[in-house]
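K.L.:
The structure follows.
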Amino acid sequence: MSLAIPRLVVAGTASGVGKTTATVAIARALRARGLRVALFKCGPDYLDPTYHARAVAGTSHNLDGWMMGRDAVLSTFAAEAAGADVALIEGVMGLFDGASPTGEEGSTAEIAKWLEAPVALVVDASGMARSVAALVQGFAGFDPGVRVAAVVCNQVGSRGHLDILRQAQAQANRSTPVIGGLPRDEAQSFPERHLGLRTADEAALPEERFDHWGAQAEAWIGLDALLEIARSAPALPQATEATAPAAAAPVAAAAGAVTAAGGGAQQRRARLGVAFDEAFHFYYADNLRRLEAAGAELVRFSPIRDARLPEVDALYLGGGYPEAHAERLAENAALRAEIRAFAGRGGPIYAECGGLMYLTEAIRTLDGRAHPMVGLVPAEAVMCEKLQALGYVEVETQARTILGGAGLRFRGHQFRYSELRPAQPASPEPPTAQAPLPAPTAQAPLPAPAAQAPLPIDHAYSVRRRRGGQVAREGYWAQRVLASYVHAHWASNPLVPEGLVASAAAHRKELGR
């Protein structure tokens, strides 16, 4: 059985050329025509999908070749594009940029090949005329397995400028036409911060901004031609249940990891609290779906606004911008105490990047101020002016954790401007049932403390960088708290979400629920 899904990859010549603006504009315009549009994002990015979601009032899903593998990419695409009139897949960086400078792994080109999807190439055409033809010729001819079928020129100065670009490309290669463009409009551009675009929350971006770009696409881009190109994509073979990338396959499943669920949601086994507000919102939709399929009921709560935790059996603290909301997080001492008490009762807590920062003793912002946080990880998360880590990583667990037994492998990525440092003296917090843990070192676990000392924190992860191969100890682990700077994608090993839900279910049983 095959799947006939019209689809188009919206790729760029480089980062920053306007892929997200073009994708959002086209999607909004097609939705205004009454079409059902499914949106996807190549690569590990959390932010662009929030713009996609606003554009079509739906969920956007990541497709990452390196973290997910081919089977998971195809199955995710088939499941989430089912029933749509057209699917748009926004690329990552430049069309051929990925995990390696010499191969296509992790690139937009790889995804386009797997999906057998034509490509619309977004070009920053500011200050450009005939040179657009040379640029497009290089991209269109670089890899015969990638079909560059159209060009969208961003940052054009006028209708006359767009006509010049059309003529130049038509004279060079009529099979890859300039089907339109978007005019330069700084007043309506999307704001950015250090991780790229800002999150597309309604407070910062009104609906009128999306309507504006949808109207621009309708007026400036040949949408009928674009749809014709999307419909030229061949039918895809029926996707099968995803398997993990070979390099991330679990090597010690028998050491305590739970067997993967055989498709479909299980009966509810546990309630899992998911931190979700302005400070915490970096979650892969596929990860959340896998938790639900394993039997978790996901319950959102806000570390900024809620004074009490909901009745849950485990906590999932994702990434986000805790540093941008550090003052408000610090002011909510009641919720921080709730989380310390939850950990003290043996509640499982899994935290990634921003969630790790929240579990430290304090977040020190660029102005030098230290804002008290939960205090389960005995260090400060210190914001830095320069990027501290960027790139894909592969994790292997070195001990049994709330994710399963030792030897579990999975893939993820890091993108952060903070680092952990020993905590500096600060104003004392009110005493709580959970004492802080001894500070970790950068590379290795602390030696065992004396019997009367608090439990030590250990390093449960061996983290290998995809580029360079350096290995470091990470994954701060004590009792049932596991926190790391790694943003994991669990398509790389479906046993991991199973293990987390199993830990939540075990705690639920301990509580007699």
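Convention: chains lettered A, B, ... in structure tokens order; per-chain residue numbering from 1; ligands numbered from 1 as shown.
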So which residues touch region 137-146 of chain A within 8 Å, counting only C-alpha atoms, skipping near sequence neighbours fewer than 2 positions away, as a PyMOL selection string?
P.N.:
chain A and resi 13+109+112-113+118-119+133-135+148+173
K.L.:
Would you give me, as a Markdown table, each residue of region 453-511 of chain A having an atom within 12 Å of an atom of region 72-91 of chain A, along with its shortest atom pair and that distance in Å to one decimal, using only C-alpha atoms and sorting by chain and residue number?
P.N.:
| residue | atom | partner | partner_atom | distance |
| --- | --- | --- | --- | --- |
| A:His489 | CA | A:Ala72 | CA | 10.8 |
| A:Trp490 | CA | A:Ala72 | CA | 10.0 |
| A:Ala491 | CA | A:Ala72 | CA | 6.3 |
| A:Ser492 | CA | A:Ala72 | CA | 8.3 |
| A:Asn493 | CA | A:Ala72 | CA | 10.3 |
| A:Pro494 | CA | A:Ala72 | CA | 10.2 |
K.L.:
To one decimal place in Å, what is the distance between CA of Ile457 (chain A) and CA of Tyr476 (chain A)?
P.N.:
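CA of Tyr476 (chain A) lies at a distance of 6.4 Å from CA of Ile457 (chain A).
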K.L.:
List the neighbours of Leu95 (chain A) out to 9 Å using only C-alpha atoms; skip same-chain residues closer than 2 positions along the sequence, and give me the result as a VMD selection string.
P.N.:
chain A and resid 11 to 14 91 to 93 97 to 98 107 to 109 121 139
K.L.:
Keeping only C-alpha atoms, take the residues you just selected and write them out as a PDB file, in the first residue's frame.
P.N.:
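Dumped everything to again-v5.pdb:
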ATOM      1  CA  ALA A  11      15.044  24.682   1.651  1.00  0.00           C
ATOM      2  CA  GLY A  12      17.541  27.522   1.765  1.00  0.00           C
ATOM      3  CA  THR A  13      20.954  28.324   0.406  1.00  0.00           C
ATOM      4  CA  ALA A  14      22.086  28.985   3.989  1.00  0.00           C
ATOM      5  CA  GLY A  91      14.754  22.706   5.809  1.00  0.00           C
ATOM      6  CA  VAL A  92      17.614  23.260   8.214  1.00  0.00           C
ATOM      7  CA  MET A  93      20.594  25.541   7.466  1.00  0.00           C
ATOM      8  CA  ASP A  97      24.375  21.216   5.370  1.00  0.00           C
ATOM      9  CA  GLY A  98      24.133  18.505   8.002  1.00  0.00           C
ATOM     10  CA  SER A 107      20.769  17.410   6.073  1.00  0.00           C
ATOM     11  CA  THR A 108      17.672  18.732   4.351  1.00  0.00           C
ATOM     12  CA  ALA A 109      18.859  16.981   1.192  1.00  0.00           C
ATOM     13  CA  LEU A 121      14.963  26.821  -2.879  1.00  0.00           C
ATOM     14  CA  PHE A 139      22.460  24.000  -5.993  1.00  0.00           C
TER      15      PHE A 139
END
K.L.:
Using Å and a single decimal, report how far CA of Tyr461 (chain A) sits from CA of Gln398 (chain A).
P.N.:
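Between these atoms lies a distance of 5.6 Å.
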K.L.:
For Glu385 (chain A), please output as a compact mmCIF listing (two decimals) with N, CA and C atoms, in the first residue's frame all residues within 10 Å (counting only C-alpha atoms; exclusion window: fewer than 2 positions along the same chain).
P.N.:
# COMPACT_ATOMS: atom_id res chain seq x y z
N HIS A 194 19.08 34.63 21.20
CA HIS A 194 20.33 33.90 21.00
C HIS A 194 20.18 32.48 20.48
N LEU A 366 23.27 37.33 32.77
CA LEU A 366 24.41 38.09 32.25
C LEU A 366 24.70 39.35 33.05
N MET A 383 24.96 32.07 32.75
CA MET A 383 24.80 32.48 31.36
C MET A 383 26.08 33.14 30.86
N LEU A 387 28.44 31.14 22.79
CA LEU A 387 27.88 29.79 22.74
C LEU A 387 28.82 28.81 23.45
N GLN A 388 28.26 27.96 24.31
CA GLN A 388 29.06 27.01 25.08
C GLN A 388 29.04 25.59 24.51
N TYR A 417 23.94 28.46 25.89
CA TYR A 417 24.80 29.59 26.24
C TYR A 417 25.13 29.61 27.73
N SER A 418 24.79 28.56 28.44
CA SER A 418 25.10 28.50 29.87
C SER A 418 26.07 27.37 30.15
K.L.:
Quick one: of A:Ala29, A:Val377, A:Val123, A:Val274, who's nearest to Ala423 (chain A), counting only C-alpha atoms?
P.N.:
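Selected residue with least distance to Ala423 (chain A): A:Val377.
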K.L.:
Run DSSP on the backbone and give me the residues of region 126-232 of chain A it puts in strand (DSSP E or B), as a list in words.
P.N.:
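Of region 126-232 of chain A, only Val148, Ala149, Ala150, Val151, Val152, Cys153, Asn154, Gln155, Val156, Val178, Ile179, Gly180, Gly181, Leu182, Pro183, Glu192, Arg193, Gly196, Leu197 and Ile221 of chain A fall in strand (DSSP E or B).
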K.L.:
For the selection you just gave me, I'd like the residues written to a file as a PDB file, in the first residue's frame, keeping N, CA, C and O atoms.
P.N.:
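Output (part_4.pdb):
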ATOM      1  N   VAL A 148      15.659  20.117  -7.289  1.00  0.00           N
ATOM      2  CA  VAL A 148      15.341  21.522  -7.025  1.00  0.00           C
ATOM      3  C   VAL A 148      14.391  21.967  -8.133  1.00  0.00           C
ATOM      4  O   VAL A 148      14.788  22.124  -9.284  1.00  0.00           O
ATOM      5  N   ALA A 149      13.131  22.165  -7.773  1.00  0.00           N
ATOM      6  CA  ALA A 149      12.082  22.366  -8.774  1.00  0.00           C
ATOM      7  C   ALA A 149      11.629  23.806  -8.912  1.00  0.00           C
ATOM      8  O   ALA A 149      10.947  24.147  -9.885  1.00  0.00           O
ATOM      9  N   ALA A 150      11.976  24.655  -7.943  1.00  0.00           N
ATOM     10  CA  ALA A 150      11.518  26.049  -7.988  1.00  0.00           C
ATOM     11  C   ALA A 150      12.390  26.905  -7.096  1.00  0.00           C
ATOM     12  O   ALA A 150      13.119  26.392  -6.233  1.00  0.00           O
ATOM     13  N   VAL A 151      12.312  28.205  -7.310  1.00  0.00           N
ATOM     14  CA  VAL A 151      13.085  29.174  -6.535  1.00  0.00           C
ATOM     15  C   VAL A 151      12.139  30.227  -5.975  1.00  0.00           C
ATOM     16  O   VAL A 151      11.253  30.723  -6.685  1.00  0.00           O
ATOM     17  N   VAL A 152      12.311  30.546  -4.690  1.00  0.00           N
ATOM     18  CA  VAL A 152      11.586  31.645  -4.047  1.00  0.00           C
ATOM     19  C   VAL A 152      12.626  32.675  -3.623  1.00  0.00           C
ATOM     20  O   VAL A 152      13.539  32.364  -2.855  1.00  0.00           O
ATOM     21  N   CYS A 153      12.510  33.873  -4.145  1.00  0.00           N
ATOM     22  CA  CYS A 153      13.477  34.936  -3.858  1.00  0.00           C
ATOM     23  C   CYS A 153      12.986  35.795  -2.702  1.00  0.00           C
ATOM     24  O   CYS A 153      11.941  36.449  -2.812  1.00  0.00           O
ATOM     25  N   ASN A 154      13.712  35.786  -1.611  1.00  0.00           N
ATOM     26  CA  ASN A 154      13.355  36.597  -0.448  1.00  0.00           C
ATOM     27  C   ASN A 154      14.088  37.931  -0.486  1.00  0.00           C
ATOM     28  O   ASN A 154      15.095  38.093  -1.172  1.00  0.00           O
ATOM     29  N   GLN A 155      13.563  38.894   0.247  1.00  0.00           N
ATOM     30  CA  GLN A 155      14.183  40.216   0.389  1.00  0.00           C
ATOM     31  C   GLN A 155      14.290  40.952  -0.957  1.00  0.00           C
ATOM     32  O   GLN A 155      15.269  41.666  -1.195  1.00  0.00           O
ATOM     33  N   VAL A 156      13.290  40.801  -1.816  1.00  0.00           N
ATOM     34  CA  VAL A 156      13.333  41.525  -3.089  1.00  0.00           C
ATOM     35  C   VAL A 156      12.938  42.981  -2.841  1.00  0.00           C
ATOM     36  O   VAL A 156      12.139  43.293  -1.960  1.00  0.00           O
ATOM     37  N   VAL A 178      11.887  30.748 -11.103  1.00  0.00           N
ATOM     38  CA  VAL A 178      11.571  31.608  -9.960  1.00  0.00           C
ATOM     39  C   VAL A 178      10.049  31.731  -9.941  1.00  0.00           C
ATOM     40  O   VAL A 178       9.459  32.367 -10.820  1.00  0.00           O
ATOM     41  N   ILE A 179       9.409  31.100  -8.963  1.00  0.00           N
ATOM     42  CA  ILE A 179       7.939  31.117  -8.924  1.00  0.00           C
ATOM     43  C   ILE A 179       7.402  32.270  -8.081  1.00  0.00           C
ATOM     44  O   ILE A 179       6.188  32.389  -7.884  1.00  0.00           O
ATOM     45  N   GLY A 180       8.286  33.118  -7.597  1.00  0.00           N
ATOM     46  CA  GLY A 180       7.844  34.275  -6.823  1.00  0.00           C
ATOM     47  C   GLY A 180       8.871  34.671  -5.800  1.00  0.00           C
ATOM     48  O   GLY A 180      10.016  34.194  -5.810  1.00  0.00           O
ATOM     49  N   GLY A 181       8.464  35.545  -4.923  1.00  0.00           N
ATOM     50  CA  GLY A 181       9.374  36.025  -3.896  1.00  0.00           C
ATOM     51  C   GLY A 181       8.607  36.724  -2.796  1.00  0.00           C
ATOM     52  O   GLY A 181       7.375  36.774  -2.798  1.00  0.00           O
ATOM     53  N   LEU A 182       9.326  37.243  -1.857  1.00  0.00           N
ATOM     54  CA  LEU A 182       8.740  38.015  -0.760  1.00  0.00           C
ATOM     55  C   LEU A 182       9.496  39.329  -0.640  1.00  0.00           C
ATOM     56  O   LEU A 182      10.735  39.341  -0.673  1.00  0.00           O
ATOM     57  N   PRO A 183       8.778  40.440  -0.505  1.00  0.00           N
ATOM     58  CA  PRO A 183       9.445  41.739  -0.442  1.00  0.00           C
ATOM     59  C   PRO A 183      10.104  41.983   0.910  1.00  0.00           C
ATOM     60  O   PRO A 183       9.700  41.421   1.932  1.00  0.00           O
ATOM     61  N   GLU A 192      14.279  37.882  16.868  1.00  0.00           N
ATOM     62  CA  GLU A 192      15.224  36.822  17.176  1.00  0.00           C
ATOM     63  C   GLU A 192      15.817  37.021  18.563  1.00  0.00           C
ATOM     64  O   GLU A 192      15.790  38.101  19.123  1.00  0.00           O
ATOM     65  N   ARG A 193      16.381  35.901  19.119  1.00  0.00           N
ATOM     66  CA  ARG A 193      17.216  35.943  20.325  1.00  0.00           C
ATOM     67  C   ARG A 193      18.314  34.917  20.150  1.00  0.00           C
ATOM     68  O   ARG A 193      18.473  34.361  19.068  1.00  0.00           O
ATOM     69  N   GLY A 196      18.125  31.774  18.070  1.00  0.00           N
ATOM     70  CA  GLY A 196      17.513  31.918  16.750  1.00  0.00           C
ATOM     71  C   GLY A 196      16.280  32.787  16.860  1.00  0.00           C
ATOM     72  O   GLY A 196      16.297  33.809  17.526  1.00  0.00           O
ATOM     73  N   LEU A 197      15.211  32.381  16.182  1.00  0.00           N
ATOM     74  CA  LEU A 197      13.965  33.111  16.304  1.00  0.00           C
ATOM     75  C   LEU A 197      13.423  32.981  17.723  1.00  0.00           C
ATOM     76  O   LEU A 197      13.643  31.991  18.405  1.00  0.00           O
ATOM     77  N   ILE A 221       3.783  35.114  -4.682  1.00  0.00           N
ATOM     78  CA  ILE A 221       4.269  33.771  -5.019  1.00  0.00           C
ATOM     79  C   ILE A 221       3.225  33.046  -5.856  1.00  0.00           C
ATOM     80  O   ILE A 221       2.019  33.119  -5.575  1.00  0.00           O
TER      81      ILE A 221
END
K.L.:
Here is a test: counting only C-alpha atoms, which residue of A:Leu162, A:Glu419, A:Arg289, A:Asp224 is nearest to Thr59 (chain A)?
P.N.:
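Residue with the minimum atom-to-atom distance to Thr59 (chain A): A:Arg289.
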K.L.:
Neighbouring residues of region 336-341 of chain A were defined as those with any atom within 9 Å, considering only C-alpha atoms; residues of the same chain fewer than 2 positions away were excluded. Please report them as an mmCIF file with N, CA, C and O atoms, in the first residue's frame.
P.N.:
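Result file follows (out09.cif):
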data_model
loop_
_atom_site.group_PDB
_atom_site.id
_atom_site.type_symbol
_atom_site.label_atom_id
_atom_site.label_comp_id
_atom_site.auth_asym_id
_atom_site.auth_seq_id
_atom_site.Cartn_x
_atom_site.Cartn_y
_atom_site.Cartn_z
ATOM 1 N N PRO A 303 5.914 26.250 36.026
ATOM 2 C CA PRO A 303 6.829 26.635 37.101
ATOM 3 C C PRO A 303 6.806 28.133 37.388
ATOM 4 O O PRO A 303 7.274 28.552 38.448
ATOM 5 N N ALA A 307 1.443 27.398 42.115
ATOM 6 C CA ALA A 307 2.019 27.274 43.456
ATOM 7 C C ALA A 307 2.137 25.822 43.894
ATOM 8 O O ALA A 307 2.924 25.507 44.800
ATOM 9 N N ARG A 308 1.348 24.937 43.287
ATOM 10 C CA ARG A 308 1.362 23.525 43.650
ATOM 11 C C ARG A 308 1.556 22.661 42.406
ATOM 12 O O ARG A 308 1.112 23.010 41.308
ATOM 13 N N LEU A 309 2.219 21.544 42.602
ATOM 14 C CA LEU A 309 2.297 20.553 41.529
ATOM 15 C C LEU A 309 0.963 19.847 41.392
ATOM 16 O O LEU A 309 0.258 19.620 42.388
ATOM 17 N N LEU A 315 8.014 13.835 36.835
ATOM 18 C CA LEU A 315 8.099 15.168 36.242
ATOM 19 C C LEU A 315 9.029 15.150 35.042
ATOM 20 O O LEU A 315 10.063 14.472 35.056
ATOM 21 N N LEU A 329 10.681 32.826 38.050
ATOM 22 C CA LEU A 329 10.857 31.480 38.570
ATOM 23 C C LEU A 329 11.342 31.514 40.018
ATOM 24 O O LEU A 329 10.901 30.720 40.860
ATOM 25 N N ALA A 330 12.259 32.438 40.312
ATOM 26 C CA ALA A 330 12.771 32.563 41.677
ATOM 27 C C ALA A 330 11.680 33.022 42.636
ATOM 28 O O ALA A 330 11.631 32.582 43.803
ATOM 29 N N ASN A 332 8.626 32.278 42.578
ATOM 30 C CA ASN A 332 7.679 31.206 42.884
ATOM 31 C C ASN A 332 8.344 30.160 43.779
ATOM 32 O O ASN A 332 8.565 29.006 43.390
ATOM 33 N N ALA A 333 8.665 30.582 45.012
ATOM 34 C CA ALA A 333 9.341 29.690 45.953
ATOM 35 C C ALA A 333 8.476 28.499 46.318
ATOM 36 O O ALA A 333 8.989 27.409 46.614
ATOM 37 N N ALA A 334 7.153 28.671 46.298
ATOM 38 C CA ALA A 334 6.268 27.575 46.683
ATOM 39 C C ALA A 334 6.404 26.393 45.724
ATOM 40 O O ALA A 334 6.494 25.235 46.165
ATOM 41 N N ALA A 343 10.984 15.304 44.903
ATOM 42 C CA ALA A 343 12.217 14.521 44.796
ATOM 43 C C ALA A 343 12.527 13.810 46.103
ATOM 44 O O ALA A 343 12.975 12.653 46.107
ATOM 45 N N GLY A 344 12.288 14.482 47.225
ATOM 46 C CA GLY A 344 12.559 13.881 48.519
ATOM 47 C C GLY A 344 11.705 12.653 48.798
ATOM 48 O O GLY A 344 12.112 11.760 49.538
ATOM 49 N N ARG A 345 10.514 12.604 48.194
ATOM 50 C CA ARG A 345 9.640 11.433 48.349
ATOM 51 C C ARG A 345 9.966 10.329 47.349
ATOM 52 O O ARG A 345 9.251 9.330 47.266
ATOM 53 N N GLY A 346 11.032 10.530 46.554
ATOM 54 C CA GLY A 346 11.412 9.506 45.587
ATOM 55 C C GLY A 346 10.737 9.647 44.248
ATOM 56 O O GLY A 346 10.759 8.698 43.440
ATOM 57 N N GLY A 347 10.154 10.818 43.974
ATOM 58 C CA GLY A 347 9.499 11.022 42.693
ATOM 59 C C GLY A 347 10.502 11.134 41.555
ATOM 60 O O GLY A 347 11.486 11.874 41.669
ATOM 61 N N ILE A 349 12.284 12.494 38.354
ATOM 62 C CA ILE A 349 12.347 13.773 37.656
ATOM 63 C C ILE A 349 13.354 13.651 36.526
ATOM 64 O O ILE A 349 14.512 13.299 36.747
ATOM 65 N N LEU A 359 16.843 23.100 37.940
ATOM 66 C CA LEU A 359 17.104 22.235 39.092
ATOM 67 C C LEU A 359 18.383 22.599 39.844
ATOM 68 O O LEU A 359 18.640 22.047 40.908
ATOM 69 N N MET A 373 17.043 28.800 42.447
ATOM 70 C CA MET A 373 16.217 27.827 41.746
ATOM 71 C C MET A 373 15.898 26.655 42.689
ATOM 72 O O MET A 373 15.902 26.819 43.888
ATOM 73 N N VAL A 374 15.649 25.486 42.166
ATOM 74 C CA VAL A 374 15.131 24.372 42.963
ATOM 75 C C VAL A 374 16.180 23.835 43.931
ATOM 76 O O VAL A 374 15.861 23.473 45.057
ATOM 77 N N GLY A 375 17.445 23.743 43.508
ATOM 78 C CA GLY A 375 18.501 23.338 44.422
ATOM 79 C C GLY A 375 18.754 21.850 44.514
ATOM 80 O O GLY A 375 19.357 21.394 45.486
ATOM 81 N N LEU A 376 18.356 21.080 43.519
ATOM 82 C CA LEU A 376 18.644 19.649 43.526
ATOM 83 C C LEU A 376 19.977 19.306 42.878
ATOM 84 O O LEU A 376 20.571 18.276 43.185
ATOM 85 N N THR A 432 14.158 22.984 53.678
ATOM 86 C CA THR A 432 13.207 22.067 53.059
ATOM 87 C C THR A 432 13.609 20.644 53.402
ATOM 88 O O THR A 432 14.691 20.388 53.923
ATOM 89 N N ALA A 433 12.742 19.713 53.046
ATOM 90 C CA ALA A 433 13.001 18.307 53.355
ATOM 91 C C ALA A 433 14.121 17.728 52.511
ATOM 92 O O ALA A 433 14.705 16.720 52.867
ATOM 93 N N GLN A 434 14.424 18.356 51.385
ATOM 94 C CA GLN A 434 15.444 17.803 50.483
ATOM 95 C C GLN A 434 16.698 18.671 50.539
ATOM 96 O O GLN A 434 16.699 19.815 50.104
ATOM 97 N N ALA A 435 17.761 18.149 51.088
ATOM 98 C CA ALA A 435 19.017 18.890 51.158
ATOM 99 C C ALA A 435 19.685 18.928 49.797
ATOM 100 O O ALA A 435 19.542 18.008 49.012
#
K.L.:
Considering only C-alpha atoms, return as JSON, numbers by chain whatever protein or nucleic-acid residues lie within 10 Å of Ala502 (chain A), sequence-local ones (same chain, fewer than 3 positions apart) excluded.
P.N.:
{"A": [257, 258, 269, 270, 294, 295, 296, 402, 403, 404, 496, 497, 498, 499, 505, 506, 507, 508]}
K.L.:
Would you mind reading off the distance between CA of Phe276 (chain A) and CA of Phe301 (chain A), one decimal, in Å?
P.N.:
5.9 Å
K.L.:
Contacts of region 3-5 of chain A at 7 Å or less, counting only C-alpha atoms, minus same-chain residues fewer than 3 places along, as a PyMOL selection string?
P.N.:
chain A and resi 86+234-238
K.L.:
Give me, as a PyMOL selection string, the residues of region 130-242 of chain A that a backbone DSSP run labels helix (DSSP H, G or I).
P.N.:
chain A and resi 131-142+159-172+186-188+207-220+223-231
K.L.:
Find, counting only C-alpha atoms, the residue in A:Arg31, A:His413, A:Arg369, A:Lys41 that gets nearest to Lys19 (chain A).
P.N.:
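Of all the options, A:Lys41 lies closest to Lys19 (chain A).
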K.L.:
Pick out the closest residue to Arg465 (chain A) from this set: A:Gly407, A:Gly160, A:Ala99, A:Glu104. Count only C-alpha atoms.
P.N.:
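Among the listed residues, A:Ala99 lies closest to Arg465 (chain A).
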